[in-house]
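Here the structure comes first, spelled out in structure tokens, and everything after it is commentary.
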Amino acid sequence: MTGAALLALVVWIGILFCRGRFWFADQFLSPAAKTPPKGGWPAVVAVIPARDEADSIARTVSSLVTQDYPGRLDVMVVDDNSTDGTGALARQAAETAGAGNRFHLVTGKPLAEGWSGKLWAVHQGLQAASDKASDARYVLLTDADISHDPANLRRLVEKAEMENRDLVSLMVRLNCETPWERLLIPAFVFFFQKLFPFPWVNDPVKRTAAAAGGCMLVRRRALDAAGGISAIKNRLIDDCALAALLKARGSIWLGLSRETVSLRRYDGLGELWQMVARTAYEQLGHSPLMLLGTVFGMALLYLLPPVAVVWGLVTGDGCLLAAGAAGWLAMAVAYFPTLRLYGSPPWAAAALPAAGFLYTLMTIDSARRHGQGRGGGWKGRTYAGRSGGSESGG
């Protein structure tokens, strides 16, 4: 066990020094400038796929139509066969905010074969945008549960224009109020950064590509040249798929946000479990070997150090205790910046092994669901686990 604890410590040291300093959590947009880019502020169209989002759609639409963006912004909501009045609430919010002819409501068609539900809605929104906002240089792809800071679009466009980025994406600040959220949300953000180091994503020379689907500003010309949304139509992890598609041809950027926030609240463990389990095995390419490697890696990095500390105390093995404590400390040091982003105290880092254990179980459960042919279930639709992305259900 001492040897395994030392191995975990060595791996953590490698993570701290050899993985792009992802754990600094320091990739943010600059404050919005008032000086327009060369040629002026380009037109933008926001496309929001919305399926049964009555709880949040009004705030999302209001936050967009009241942006301080100097250029033209059209807002396109695709009501994806909702049953809770999502479309009417979106229209009412736009009218209240004085959006006028800048707001457009698209009634979604039944799901087409071979498409994931979200991307089918986005595709319809982009088709409508070709008519309603044909001059838009950029498309803002955002979820129906995001509240955008008033300066968010200005900052996104400025980044894209100044650095010639085809994609500028933000991992918005997720809700972190309930006990389960406080345990699991900062850990989720930390794991995502570790899997896709943001500095590597933002380096045009490196192949690492990722995005966060809640907020993605996409250069329209680049999207069309890459084959459009139809090029990734059956992908469940659509944001990272889009990032890989665009980075193969240009430059992308991914950062964090304090001001633009998610409105989705997770009151219980079950909701967070569903959020992770529906796509975790997809991220592993549905590979049993990748699953075994992931379980081993998570056990080594997150479970072994605290177990070594406890067992070292029980047996009086000083070497084991020291190795486990050093690994646990390295883990905590890496986690501190993400905890600070979410306003959590430093001592909360001690709970990262518990979060890692739960995420490992979620990943195993994701593989189990895939094997049963019900992977990716979401909003009344179930993605057939063995078909690679087809969808059935309501």
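Ordering of the structure tokens sets the chain letters (A, B, ...), residue numbers begin anew at 1 in every chain, and ligands are numbered from 1 in the order given.
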
Test item: residues at most 12 Å from stretch 344-351 of chain A, only C-alpha atoms, excluding those fewer than 5 positions along its chain, as an MDAnalysis selection string: chainID A and resid 176:177 179:187 190 302:303 305:306 325 327:339 356:358

Members of stretch 313-387 of chain A assigned alpha helix (DSSP H) by DSSP, as a ChimeraX atom specification: /A:313-315,318-341,352-371

Length of the atom CA of A:Leu156 to atom CA of A:Val168 vector [Å]: 6.4 Å

What lies within 10 Å of A:Val10 using only C-alpha atoms, ignoring chain neighbours under 6 positions off, as a PDB file with C-alpha atoms, in the first residue's frame?
```pdb
ATOM      1  CA  ALA A   4       0.678   2.612  -4.252  1.00  0.00           C
ATOM      2  CA  LEU A  16       0.333  19.893 -10.740  1.00  0.00           C
ATOM      3  CA  LEU A 301      -5.824   9.363  -7.200  1.00  0.00           C
ATOM      4  CA  ALA A 323       2.761   9.186   1.611  1.00  0.00           C
ATOM      5  CA  ALA A 326       1.291  14.162   0.910  1.00  0.00           C
ATOM      6  CA  GLY A 327      -0.966  12.846  -1.857  1.00  0.00           C
ATOM      7  CA  ALA A 330      -1.357  17.735  -3.376  1.00  0.00           C
TER       8      ALA A 330
END
```

Considering only C-alpha atoms, tabulate each residue of stretch 170-217 of chain A that lies at most 12 Å from stretch 161-165 of chain A along with its nearest interatomic pair and the corresponding distance in Å to one decimal; arrange the rows by chain and ascending residue number and present them as a tab-separated table.
```
residue	atom	partner	partner_atom	distance
A:Val201	CA	A:Arg165	CA	11.8
A:Asn202	CA	A:Arg165	CA	9.5
A:Asp203	CA	A:Arg165	CA	11.0
A:Pro204	CA	A:Arg165	CA	9.6
A:Met216	CA	A:Arg165	CA	11.5
A:Leu217	CA	A:Arg165	CA	9.4
```

Atomic separation - atom CA of A:Met362 relative to atom CA of A:Trp273, Å: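 Going from atom CA of A:Trp273 over to atom CA of A:Met362 covers 6.1 Å.
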
Backbone-only DSSP, strand (DSSP E) members of stretch 139-276 of chain A, as a list in words: Val139, Leu140, Leu141, Thr142, Ile146, Ser147, Leu167, Val168, Ser169, Leu170, Met171, Val172, Arg173, Cys215, Met216, Leu217, Val218, Arg219, Ile252, Trp253, Leu254, Gly255, Leu256, Ser257, Arg258, Glu259, Thr260, Val261 and Ser262 of chain A

Using only C-alpha atoms, find each residue of stretch 109-227 of chain A with at least one atom at most 12 Å away from an atom of stretch 280-299 of chain A; report its shortest atom-to-atom pair and that distance in Å (one decimal), sort the rows by chain and rising residue number, and return the result as a tab-separated table.
```
residue	atom	partner	partner_atom	distance
A:Phe188	CA	A:Ala280	CA	11.8
A:Phe191	CA	A:Met298	CA	10.6
A:Phe192	CA	A:Gln283	CA	11.3
A:Leu195	CA	A:Gln283	CA	10.4
A:Phe196	CA	A:Gln283	CA	11.9
A:Ala210	CA	A:Gln283	CA	11.9
```

Residue neighbourhood A:Met1, 10 Å, only C-alpha atoms, exclusion window fewer than 2 positions, as an NGL selection string: :A and (3-7 or 304-305 or 307-308 or 311-312 or 320 or 323-324)

Using C-alpha atoms, can you write the selected residues to a file as a JSON list (two decimals), in the first residue's frame?
```
[["chain", "number", "residue", "atom", "x", "y", "z"],
["A", 3, "GLY", "CA", 4.15, 1.88, -2.84],
["A", 4, "ALA", "CA", 0.68, 2.61, -4.25],
["A", 5, "ALA", "CA", 0.39, 5.73, -2.08],
["A", 6, "LEU", "CA", 3.75, 6.93, -3.37],
["A", 7, "LEU", "CA", 2.59, 6.28, -6.93],
["A", 304, "LEU", "CA", -6.08, 5.72, -1.95],
["A", 305, "PRO", "CA", -4.52, 8.82, -0.28],
["A", 307, "VAL", "CA", -7.33, 5.40, 2.92],
["A", 308, "ALA", "CA", -3.53, 5.38, 3.34],
["A", 311, "TRP", "CA", -4.59, 2.90, 7.69],
["A", 312, "GLY", "CA", -1.26, 4.51, 8.52],
["A", 320, "LEU", "CA", 2.30, 5.02, 4.72],
["A", 323, "ALA", "CA", 2.76, 9.19, 1.61],
["A", 324, "GLY", "CA", -1.03, 9.30, 1.94]]
```

Nearby residues (only C-alpha atoms) at most 12 Å from A:Arg137, same-chain spacing under 4 positions excluded, as a PyMOL selection string: chain A and resi 40-46+71-74+129-130+133+157+160-161+166+217-224

Output the selection as a CSV table (one decimal), in the first residue's frame - C-alpha atoms for each residue.
```csv
chain,number,residue,atom,x,y,z
A,40,GLY,CA,-17.8,47.9,-36.0
A,41,TRP,CA,-19.8,45.4,-33.8
A,42,PRO,CA,-21.0,42.5,-36.0
A,43,ALA,CA,-24.5,41.2,-35.9
A,44,VAL,CA,-25.2,38.2,-33.8
A,45,VAL,CA,-28.1,35.7,-33.6
A,46,ALA,CA,-28.7,33.7,-30.4
A,71,GLY,CA,-24.5,45.7,-32.5
A,72,ARG,CA,-27.7,43.9,-33.5
A,73,LEU,CA,-28.7,40.8,-31.5
A,74,ASP,CA,-31.5,38.6,-32.7
A,129,ALA,CA,-31.8,32.4,-38.6
A,130,SER,CA,-30.7,32.1,-42.2
A,133,ALA,CA,-30.9,37.1,-39.3
A,157,VAL,CA,-17.5,39.1,-29.5
A,160,ALA,CA,-13.5,36.4,-31.1
A,161,GLU,CA,-12.7,39.5,-33.1
A,166,ASP,CA,-14.0,30.6,-34.4
A,217,LEU,CA,-20.2,32.0,-29.6
A,218,VAL,CA,-19.5,30.5,-33.0
A,219,ARG,CA,-18.3,32.2,-36.1
A,220,ARG,CA,-21.0,31.4,-38.7
A,221,ARG,CA,-18.7,31.1,-41.6
A,222,ALA,CA,-16.5,28.6,-39.8
A,223,LEU,CA,-19.5,26.5,-38.8
A,224,ASP,CA,-20.8,26.4,-42.3
```

Pairwise distance for atom CA of A:Thr178 and atom CA of A:Ile364, rounded to one decimal in Å: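 Between atom CA of A:Thr178 and atom CA of A:Ile364 the gap is 24.6 Å.
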
Among the residues A:Leu9, A:His104, A:Ser116, A:Asp145, the one that comes closest to A:Asp131 [using only C-alpha atoms]: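 So, comparing all the options, the nearest one is A:His104.
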
Shell around A:Ile48 at 9 Å using only C-alpha atoms, local window under 5 positions removed, as a ChimeraX atom specification: /A:61,75-79,121-122,125,140-144
